[in-house]
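A.B. asks: Here you go, structure.txt (compact mmCIF, C-alpha atoms and all ligand atoms):
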```
# COMPACT_ATOMS: atom_id res chain seq x y z
CA MET A 5 -17.42 16.01 -18.25
CA GLY A 6 -15.08 15.34 -21.14
CA ALA A 7 -13.43 12.02 -21.91
CA ALA A 8 -12.63 10.36 -18.63
CA MET A 9 -8.96 10.86 -17.94
CA ILE A 10 -7.04 8.15 -16.18
CA THR A 11 -4.48 8.79 -13.48
CA SER A 12 -2.61 5.81 -12.09
CA ARG A 13 0.42 5.54 -9.87
CA PHE A 14 3.25 3.35 -8.70
CA ALA A 15 3.86 3.78 -4.98
CA PRO A 16 6.88 1.81 -3.79
CA SER A 17 8.34 1.92 -0.30
CA PRO A 18 12.09 2.66 -0.49
CA THR A 19 12.98 0.02 2.07
CA GLY A 20 14.85 -2.23 -0.32
CA ARG A 21 15.50 -2.92 -3.97
CA LEU A 22 12.72 -3.55 -6.45
CA HIS A 23 12.02 -7.06 -7.68
CA LEU A 24 10.35 -8.46 -10.77
CA GLY A 25 7.00 -8.37 -8.96
CA HIS A 26 7.35 -4.61 -8.48
CA ALA A 27 8.21 -4.21 -12.15
CA PHE A 28 5.14 -6.23 -13.12
CA SER A 29 2.90 -3.94 -11.04
CA ALA A 30 4.56 -0.71 -12.20
CA ILE A 31 4.23 -1.73 -15.87
CA ARG A 32 0.53 -2.50 -15.44
CA ALA A 33 -0.17 0.82 -13.73
CA HIS A 34 1.90 2.69 -16.32
CA ASP A 35 0.33 0.97 -19.32
CA LEU A 36 -3.22 1.46 -18.07
CA ALA A 37 -2.70 5.21 -17.99
CA ARG A 38 -0.49 5.55 -21.05
CA GLY A 39 -2.79 3.37 -23.14
CA ARG A 40 -5.55 5.92 -22.58
CA GLY A 41 -3.45 9.08 -22.84
CA GLY A 42 -3.59 9.45 -19.07
CA THR A 43 -1.21 10.36 -16.29
CA PHE A 44 1.17 8.06 -14.46
CA LEU A 45 2.55 9.18 -11.11
CA LEU A 46 5.40 8.02 -8.92
CA ARG A 47 4.93 8.30 -5.17
CA ILE A 48 7.57 7.28 -2.67
CA GLU A 49 5.98 5.78 0.44
CA ASP A 50 8.68 6.65 2.95
CA ILE A 51 6.77 7.29 6.17
CA ASP A 52 8.78 4.54 7.83
CA GLY A 53 11.78 6.67 8.66
CA THR A 54 13.69 3.79 10.20
CA ARG A 55 13.55 1.54 7.13
CA SER A 56 13.43 4.00 4.20
CA ARG A 57 16.73 4.91 2.52
CA PRO A 58 17.44 7.71 0.01
CA GLU A 59 19.71 5.40 -1.99
CA HIS A 60 16.75 3.10 -2.61
CA VAL A 61 14.81 6.04 -4.07
CA GLU A 62 17.58 6.64 -6.59
CA THR A 63 17.67 2.97 -7.48
CA ILE A 64 13.87 2.84 -7.92
CA MET A 65 13.99 5.74 -10.36
CA ALA A 66 16.88 4.21 -12.29
CA ASP A 67 15.04 0.87 -12.45
CA LEU A 68 11.84 2.44 -13.79
CA ALA A 69 13.73 4.44 -16.42
CA TRP A 70 15.57 1.27 -17.44
CA LEU A 71 12.22 -0.50 -17.90
CA GLY A 72 11.18 2.33 -20.22
CA LEU A 73 8.58 3.71 -17.81
CA THR A 74 8.20 7.48 -17.56
CA TRP A 75 6.21 9.28 -14.90
CA ASP A 76 4.52 12.67 -14.93
CA GLY A 77 5.05 15.63 -12.66
CA PRO A 78 7.08 15.82 -9.50
CA VAL A 79 7.64 12.70 -7.43
CA VAL A 80 5.63 12.91 -4.21
CA PHE A 81 7.38 11.84 -1.00
CA GLN A 82 5.10 10.88 1.85
CA SER A 83 7.69 12.06 4.36
CA ASP A 84 6.92 15.62 3.12
CA ARG A 85 3.25 15.22 3.91
CA LEU A 86 3.16 14.28 7.57
CA GLU A 87 1.17 17.39 8.49
CA VAL A 88 -1.57 16.43 6.06
CA TYR A 89 -1.89 13.01 7.67
CA ALA A 90 -1.80 14.55 11.14
CA ALA A 91 -4.73 16.83 10.23
CA ALA A 92 -6.78 13.85 9.05
CA LEU A 93 -5.93 11.99 12.22
CA ALA A 94 -7.02 14.95 14.34
CA ARG A 95 -10.33 14.95 12.53
CA LEU A 96 -10.95 11.25 13.16
CA ARG A 97 -9.82 11.57 16.74
CA GLY A 98 -12.27 14.42 17.25
CA GLU A 99 -15.00 12.08 16.11
CA GLY A 100 -14.05 9.54 18.78
CA LEU A 101 -13.08 6.84 16.29
CA PHE A 102 -9.64 6.25 17.73
CA TYR A 103 -8.06 4.94 20.85
CA PRO A 104 -4.47 4.80 22.07
CA CYS A 105 -2.93 1.33 22.24
CA PHE A 106 -0.04 0.63 24.58
CA CYS A 107 0.43 -3.02 23.69
CA THR A 108 3.93 -4.08 22.78
CA ARG A 109 4.51 -6.28 19.77
CA ALA A 110 5.12 -9.17 22.15
CA GLU A 111 1.82 -8.60 23.95
CA ILE A 112 -0.08 -8.46 20.70
CA ALA A 113 1.65 -11.58 19.41
CA GLU A 114 0.81 -13.40 22.62
CA ALA A 115 -2.83 -12.35 22.54
CA MET A 116 -3.04 -13.48 18.92
CA SER A 117 -1.20 -16.75 19.26
CA ALA A 118 -4.29 -18.79 20.14
CA PRO A 119 -6.49 -20.23 18.82
CA HIS A 120 -7.15 -18.90 15.32
CA GLY A 121 -3.56 -18.25 14.27
CA ALA A 122 -3.40 -16.88 10.78
CA THR A 123 -6.72 -15.07 10.77
CA ALA A 124 -6.26 -13.48 14.19
CA ILE A 125 -6.71 -9.73 14.42
CA TYR A 126 -5.85 -7.29 17.17
CA PRO A 127 -7.87 -8.47 20.18
CA GLY A 128 -8.89 -4.97 21.26
CA THR A 129 -7.02 -5.11 24.57
CA CYS A 130 -6.75 -1.32 24.89
CA ARG A 131 -10.20 -0.46 23.51
CA GLY A 132 -12.35 1.33 26.08
CA VAL A 133 -9.53 1.53 28.62
CA ASP A 134 -9.12 4.88 30.39
CA ALA A 135 -5.65 5.95 29.27
CA ARG A 136 -5.56 9.54 30.47
CA ASP A 137 -2.68 8.87 32.88
CA ARG A 138 -0.64 6.89 30.39
CA MET A 139 -0.31 9.26 27.44
CA GLY A 140 3.36 9.85 28.21
CA GLU A 141 4.06 6.19 27.43
CA PRO A 142 4.77 5.04 23.88
CA HIS A 143 1.56 4.17 22.08
CA CYS A 144 -0.03 3.88 18.68
CA TRP A 145 -3.53 4.92 17.66
CA ARG A 146 -6.03 2.33 16.53
CA LEU A 147 -9.27 2.76 14.67
CA ASP A 148 -12.31 1.59 16.62
CA MET A 149 -13.47 -0.50 13.69
CA ALA A 150 -16.97 -1.25 14.96
CA ALA A 151 -17.63 2.44 15.63
CA ALA A 152 -16.20 3.39 12.24
CA VAL A 153 -18.33 0.88 10.35
CA ALA A 154 -21.40 2.00 12.28
CA ARG A 155 -20.64 5.51 11.07
CA THR A 156 -20.12 4.73 7.39
CA GLY A 157 -22.54 1.88 6.77
CA GLN A 158 -21.98 -0.57 3.94
CA GLN A 159 -19.48 0.54 1.31
CA VAL A 160 -18.57 -0.96 -2.05
CA TRP A 161 -15.83 -0.45 -4.62
CA ASN A 162 -15.25 -1.30 -8.24
CA ASP A 163 -12.46 -3.83 -8.76
CA ALA A 164 -11.72 -4.45 -12.43
CA GLY A 165 -15.42 -4.03 -13.21
CA GLU A 166 -16.68 -6.13 -10.33
CA THR A 167 -18.53 -4.59 -7.37
CA ILE A 168 -16.89 -5.59 -4.11
CA ARG A 169 -18.63 -5.15 -0.76
CA ALA A 170 -16.18 -3.80 1.79
CA VAL A 171 -15.84 -5.81 5.00
CA PRO A 172 -13.17 -3.86 6.89
CA GLU A 173 -14.35 -5.56 10.10
CA GLU A 174 -12.22 -8.52 9.07
CA GLN A 175 -9.08 -6.40 9.51
CA GLY A 176 -9.94 -5.47 13.10
CA ASP A 177 -8.84 -2.29 14.87
CA VAL A 178 -6.07 -1.33 12.45
CA VAL A 179 -3.27 1.06 13.39
CA LEU A 180 -3.67 4.50 11.85
CA ALA A 181 -0.77 6.23 13.53
CA ARG A 182 2.29 4.64 14.95
CA LYS A 183 4.60 5.14 17.84
CA ASP A 184 7.34 6.43 15.56
CA ALA A 185 5.38 8.04 12.71
CA PRO A 186 2.26 10.20 12.66
CA ALA A 187 0.57 8.06 10.03
CA SER A 188 0.28 4.44 9.01
CA TYR A 189 0.38 3.04 5.50
CA HIS A 190 -3.44 2.79 5.41
CA LEU A 191 -3.98 6.45 6.18
CA ALA A 192 -1.21 7.84 3.98
CA VAL A 193 -2.06 5.77 0.91
CA THR A 194 -5.76 6.63 1.13
CA ILE A 195 -5.17 10.35 1.57
CA ASP A 196 -2.54 10.55 -1.15
CA ASP A 197 -4.47 8.65 -3.80
CA ALA A 198 -7.25 11.20 -3.34
CA ALA A 199 -4.92 14.22 -3.09
CA GLN A 200 -3.15 13.23 -6.30
CA GLY A 201 -6.37 12.63 -8.19
CA VAL A 202 -5.64 8.96 -8.75
CA THR A 203 -8.58 7.47 -10.62
CA ASP A 204 -7.22 3.94 -10.94
CA VAL A 205 -5.19 2.07 -8.35
CA VAL A 206 -3.31 -0.81 -9.93
CA ARG A 207 -1.61 -3.11 -7.45
CA GLY A 208 -1.08 -6.75 -6.57
CA ARG A 209 -3.70 -9.13 -5.24
CA ASP A 210 -1.75 -9.22 -1.98
CA LEU A 211 -3.16 -5.77 -1.17
CA PHE A 212 -6.79 -6.69 -1.85
CA GLU A 213 -7.62 -7.26 1.83
CA VAL A 214 -6.33 -3.87 2.95
CA THR A 215 -8.46 -2.15 0.32
CA HIS A 216 -11.42 -2.91 2.60
CA VAL A 217 -9.80 -0.61 5.15
CA HIS A 218 -8.94 2.02 2.54
CA ARG A 219 -12.53 2.10 1.33
CA LEU A 220 -13.70 2.68 4.91
CA LEU A 221 -11.21 5.52 5.39
CA GLN A 222 -12.42 7.15 2.18
CA ALA A 223 -15.94 7.12 3.58
CA LEU A 224 -14.82 8.50 6.95
CA LEU A 225 -12.74 11.29 5.40
CA ASP A 226 -15.15 12.17 2.56
CA LEU A 227 -12.61 11.21 -0.08
CA PRO A 228 -13.43 9.91 -3.56
CA THR A 229 -13.00 6.21 -4.26
CA PRO A 230 -10.76 5.29 -7.18
CA ARG A 231 -11.33 2.23 -9.32
CA TYR A 232 -9.10 -0.64 -8.21
CA HIS A 233 -7.36 -3.24 -10.33
CA HIS A 234 -5.85 -5.89 -8.11
CA HIS A 235 -3.82 -8.02 -10.45
CA GLU A 236 -2.60 -11.56 -9.98
CA LEU A 237 0.92 -11.86 -8.65
CA LEU A 238 3.77 -12.73 -10.92
CA ALA A 239 4.49 -16.45 -10.88
CA GLY A 240 7.93 -18.02 -10.64
CA PRO A 241 9.24 -20.68 -13.03
CA ASP A 242 7.31 -23.34 -11.10
CA GLY A 243 4.00 -21.49 -11.46
CA GLU A 244 3.89 -20.54 -7.79
CA ARG A 245 3.86 -16.93 -6.63
CA LEU A 246 7.32 -15.48 -7.20
CA ALA A 247 9.12 -15.49 -3.87
CA LYS A 248 12.56 -15.28 -2.33
CA ARG A 249 13.08 -19.01 -2.61
CA HIS A 250 13.02 -18.71 -6.41
CA GLY A 251 16.25 -16.76 -6.14
CA ALA A 252 15.00 -14.03 -8.46
CA PRO A 253 17.49 -11.19 -8.74
CA THR A 254 16.64 -7.56 -8.05
CA LEU A 255 15.95 -5.25 -10.98
CA ALA A 256 19.13 -3.37 -10.12
CA SER A 257 21.27 -6.47 -10.44
CA LEU A 258 19.69 -7.36 -13.79
CA ARG A 259 20.27 -3.80 -14.96
CA GLU A 260 23.85 -3.77 -13.74
CA GLY A 261 24.33 -7.16 -15.39
CA GLY A 262 23.54 -5.61 -18.75
CA MET A 263 20.03 -6.92 -19.36
CA ASP A 264 17.83 -4.89 -21.72
CA GLY A 265 15.18 -3.38 -19.44
CA ARG A 266 12.69 -2.58 -22.18
CA ALA A 267 12.86 -6.14 -23.47
CA LEU A 268 12.32 -7.36 -19.91
CA ALA A 269 9.28 -5.07 -19.59
CA ASP A 270 7.85 -6.53 -22.80
CA ASP A 271 8.42 -10.06 -21.49
CA LEU A 272 6.54 -9.19 -18.32
CA ARG A 273 3.70 -7.67 -20.36
CA ARG A 274 3.34 -11.08 -21.99
CA GLY A 275 3.48 -12.75 -18.59
CA GLN A 276 6.91 -14.18 -19.31
CA LEU A 277 9.90 -14.15 -17.01
CA PRO A 278 13.24 -12.97 -18.36
CA LYS A 279 15.36 -15.87 -19.55
CA GLY A 280 18.48 -16.51 -17.53
CA ALA A 281 17.33 -14.49 -14.54
CA PHE A 282 16.87 -17.47 -12.26
CA ARG A 283 18.99 -19.99 -10.53
CA THR A 284 17.72 -23.30 -11.79
N1 LIG B 301 3.89 1.21 -0.72
C1 LIG B 301 3.25 -0.07 -0.85
C2 LIG B 301 4.28 -1.14 -1.06
O1 LIG B 301 5.37 -0.85 -1.50
C3 LIG B 301 2.26 -0.16 -1.99
C4 LIG B 301 1.18 0.83 -1.89
C5 LIG B 301 0.02 0.61 -2.82
O2 LIG B 301 0.20 0.26 -4.00
O3 LIG B 301 -1.08 0.86 -2.39
O4 LIG B 301 4.00 -2.28 -0.80
```
In structure tokens, write the structure found in this file.
Ligand code: GLU
C.D. replies:
Amino acid sequence: MGAAMITSRFAPSPTGRLHLGHAFSAIRAHDLARGRGGTFLLRIEDIDGTRSRPEHVETIMADLAWLGLTWDGPVVFQSDRLEVYAAALARLRGEGLFYPCFCTRAEIAEAMSAPHGATAIYPGTCRGVDARDRMGEPHCWRLDMAAAVARTGQQVWNDAGETIRAVPEEQGDVVLARKDAPASYHLAVTIDDAAQGVTDVVRGRDLFEVTHVHRLLQALLDLPTPRYHHHELLAGPDGERLAKRHGAPTLASLREGGMDGRALADDLRRGQLPKGAFRT
């Protein structure tokens, strides 16, 4: 093999406008690849047909260009790839790693309300239930996590040089296909990172837990495992994770307000917030 080429990506969901936290992540992914003469991809994660909007896609592209970030090759839209996800689902289903779940959101919330609150996972209500007569009813498909882990055995991944042992069990029987879409985020992101030859996934620490599930899916689907770089989340002026309550404006409103996007990107590279962007 020649010099190891890097391919990274930014993979926003076009369900709203981008914020400073998105910019921070996009810049890191971009710079990792560009700093090594590699490839930086843009993928639009629009499998959620009810929440994704074309106008947000346009705004995302304008925001990235304004920040001085360029991407390579055509933009991949997940909504164009539903058949690919369906084929992967069919494969997993054939291996008996799936079951249909008929629980409503309310039922799941009720089952999860006691007693462990925040750490509760899907209680497995529909696992092992004979559903042959119910397939006409709305349902999602859940991974039988215990069966899946028994199949793959212990997996690890490299996160910024550290070896992480995957414990997907902690995420429970995650949804891999939904009532309204033939794929979930977990499945689509895992398949697409492999299909696009992504070598390095750069994303926020808030997605660290789901990487345990993605690593499992890679093992189940015989996909390569990229290196991961889960970065700390951008902090607000008070040092706490940047959140709505900080009143941070969207990138689009900063852009429309005449801010210099490249200067903003350089501020973020230094871990600084743009001056004057916050209500104080
Ligand atoms: N589409 C996801 C989001 O906007 C991010 C996907 C990823 O980086 O893995 O939150």
A.B. asks: Taking all atoms listed in the file into account, which residues are within 9 Å of ligand LIG 301 (chain B), as a VMD selection string?
C.D. replies: chain A and resid 13 to 19 26 29 47 to 50 189 to 190 193 to 194 197 205 to 208 211 214 to 215
A.B. asks: Nearest to Asp52 of chain A among A:Ala187, A:Ala198, A:Ala239, A:Ala223, with distances taken over only C-alpha atoms: which residue is it?
C.D. replies: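 With only C-alpha atoms as the atom set, the closest residue is A:Ala187.
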A.B. asks: How far is it from atom CA of Arg136 of chain A to atom CA of Phe102 of chain A, in Å with one decimal?
C.D. replies: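 So the two atoms, atom CA of Arg136 of chain A and atom CA of Phe102 of chain A, lie 13.8 Å apart.
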A.B. asks: Please provide the set of residues having any atom within 10 Å of Val171 of chain A, restricted to all atoms listed in the file, with same-chain residues fewer than 2 positions apart removed, written as a PyMOL selection string.
C.D. replies: chain A and resi 153+158-160+168-169+173-175+213-217+219-220
A.B. asks: Tell me which protein, DNA and RNA residues are within 8 Å of segment 89-94 of chain A, counting all atoms listed in the file, leaving out same-chain ones fewer than 3 positions away, and put them as a VMD selection string.
C.D. replies: chain A and resid 85 to 86 97 to 98 180 to 181 186 to 187 191 to 192 195 225
A.B. asks: To one decimal place in Å, what is the distance between atom CA of Ile31 of chain A and atom CA of Ile10 of chain A?
C.D. replies: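 Distance between the two atoms: 15.0 Å.
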A.B. asks: Find the residues near Asp35 of chain A: any atom within 12 Å, counting only C-alpha atoms, skip ones fewer than 5 places away on the same chain, and give them as a PyMOL selection string.
C.D. replies: chain A and resi 10-14+27-30+40-45+72-75+204+206+269-270+272-273
A.B. asks: Atom CA of Asp84 of chain A and atom CA of Gly201 of chain A are how many Å apart?
C.D. replies: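 Computed distance, atom CA of Asp84 of chain A to atom CA of Gly201 of chain A, equals 17.7 Å.
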A.B. asks: Can you tell me, as a ChimeraX atom specification, what residues are no more than 10 Å from Tyr103 of chain A when counting only C-alpha atoms, ignoring any on the same chain fewer than 2 positions away?
C.D. replies: /A:97,100-101,105-106,128,130-135,143-148,177,179
A.B. asks: Take segment 147-195 of chain A from the preceding structure and save C-alpha atoms as a PDB file, in the first residue's frame.
C.D. replies:
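The resulting part-v7.pdb:
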```pdb
ATOM      1  CA  LEU A 147     -32.004  -5.706  16.392  1.00  0.00           C
ATOM      2  CA  ASP A 148     -31.956  -8.627  18.810  1.00  0.00           C
ATOM      3  CA  MET A 149     -28.886  -7.250  20.531  1.00  0.00           C
ATOM      4  CA  ALA A 150     -28.020 -10.335  22.569  1.00  0.00           C
ATOM      5  CA  ALA A 151     -28.195 -12.557  19.483  1.00  0.00           C
ATOM      6  CA  ALA A 152     -26.155 -10.059  17.468  1.00  0.00           C
ATOM      7  CA  VAL A 153     -23.408  -9.806  20.083  1.00  0.00           C
ATOM      8  CA  ALA A 154     -23.323 -13.590  20.387  1.00  0.00           C
ATOM      9  CA  ARG A 155     -22.720 -13.679  16.643  1.00  0.00           C
ATOM     10  CA  THR A 156     -19.937 -11.095  16.471  1.00  0.00           C
ATOM     11  CA  GLY A 157     -18.103 -11.595  19.739  1.00  0.00           C
ATOM     12  CA  GLN A 158     -16.062  -8.801  21.281  1.00  0.00           C
ATOM     13  CA  GLN A 159     -15.237  -5.922  18.945  1.00  0.00           C
ATOM     14  CA  VAL A 160     -12.946  -2.939  19.377  1.00  0.00           C
ATOM     15  CA  TRP A 161     -12.311   0.316  17.535  1.00  0.00           C
ATOM     16  CA  ASN A 162      -9.616   2.933  17.422  1.00  0.00           C
ATOM     17  CA  ASP A 163     -10.730   6.300  18.800  1.00  0.00           C
ATOM     18  CA  ALA A 164      -8.078   8.987  18.415  1.00  0.00           C
ATOM     19  CA  GLY A 165      -5.386   6.366  19.012  1.00  0.00           C
ATOM     20  CA  GLU A 166      -7.100   4.687  21.933  1.00  0.00           C
ATOM     21  CA  THR A 167      -8.546   1.167  21.670  1.00  0.00           C
ATOM     22  CA  ILE A 168     -12.174   1.134  22.749  1.00  0.00           C
ATOM     23  CA  ARG A 169     -14.007  -2.096  23.551  1.00  0.00           C
ATOM     24  CA  ALA A 170     -17.476  -2.006  22.045  1.00  0.00           C
ATOM     25  CA  VAL A 171     -20.347  -2.656  24.453  1.00  0.00           C
ATOM     26  CA  PRO A 172     -23.395  -2.280  22.196  1.00  0.00           C
ATOM     27  CA  GLU A 173     -25.425  -4.218  24.788  1.00  0.00           C
ATOM     28  CA  GLU A 174     -25.755  -0.947  26.670  1.00  0.00           C
ATOM     29  CA  GLN A 175     -27.841   0.476  23.813  1.00  0.00           C
ATOM     30  CA  GLY A 176     -30.362  -2.377  23.937  1.00  0.00           C
ATOM     31  CA  ASP A 177     -32.431  -3.607  20.992  1.00  0.00           C
ATOM     32  CA  VAL A 178     -31.938  -0.577  18.757  1.00  0.00           C
ATOM     33  CA  VAL A 179     -34.255   0.226  15.850  1.00  0.00           C
ATOM     34  CA  LEU A 180     -32.738  -0.572  12.473  1.00  0.00           C
ATOM     35  CA  ALA A 181     -35.727   0.181  10.302  1.00  0.00           C
ATOM     36  CA  ARG A 182     -38.606   2.403  11.108  1.00  0.00           C
ATOM     37  CA  LYS A 183     -42.291   2.524  10.510  1.00  0.00           C
ATOM     38  CA  ASP A 184     -41.896   5.333   8.005  1.00  0.00           C
ATOM     39  CA  ALA A 185     -38.431   4.684   6.548  1.00  0.00           C
ATOM     40  CA  PRO A 186     -36.659   1.495   5.493  1.00  0.00           C
ATOM     41  CA  ALA A 187     -33.542   2.332   7.486  1.00  0.00           C
ATOM     42  CA  SER A 188     -32.544   3.969  10.727  1.00  0.00           C
ATOM     43  CA  TYR A 189     -29.676   6.367  11.298  1.00  0.00           C
ATOM     44  CA  HIS A 190     -27.499   3.555  12.692  1.00  0.00           C
ATOM     45  CA  LEU A 191     -27.825   1.390   9.618  1.00  0.00           C
ATOM     46  CA  ALA A 192     -27.512   4.143   7.025  1.00  0.00           C
ATOM     47  CA  VAL A 193     -24.491   5.828   8.597  1.00  0.00           C
ATOM     48  CA  THR A 194     -22.631   2.543   8.990  1.00  0.00           C
ATOM     49  CA  ILE A 195     -23.304   1.389   5.436  1.00  0.00           C
TER      50      ILE A 195
END
```
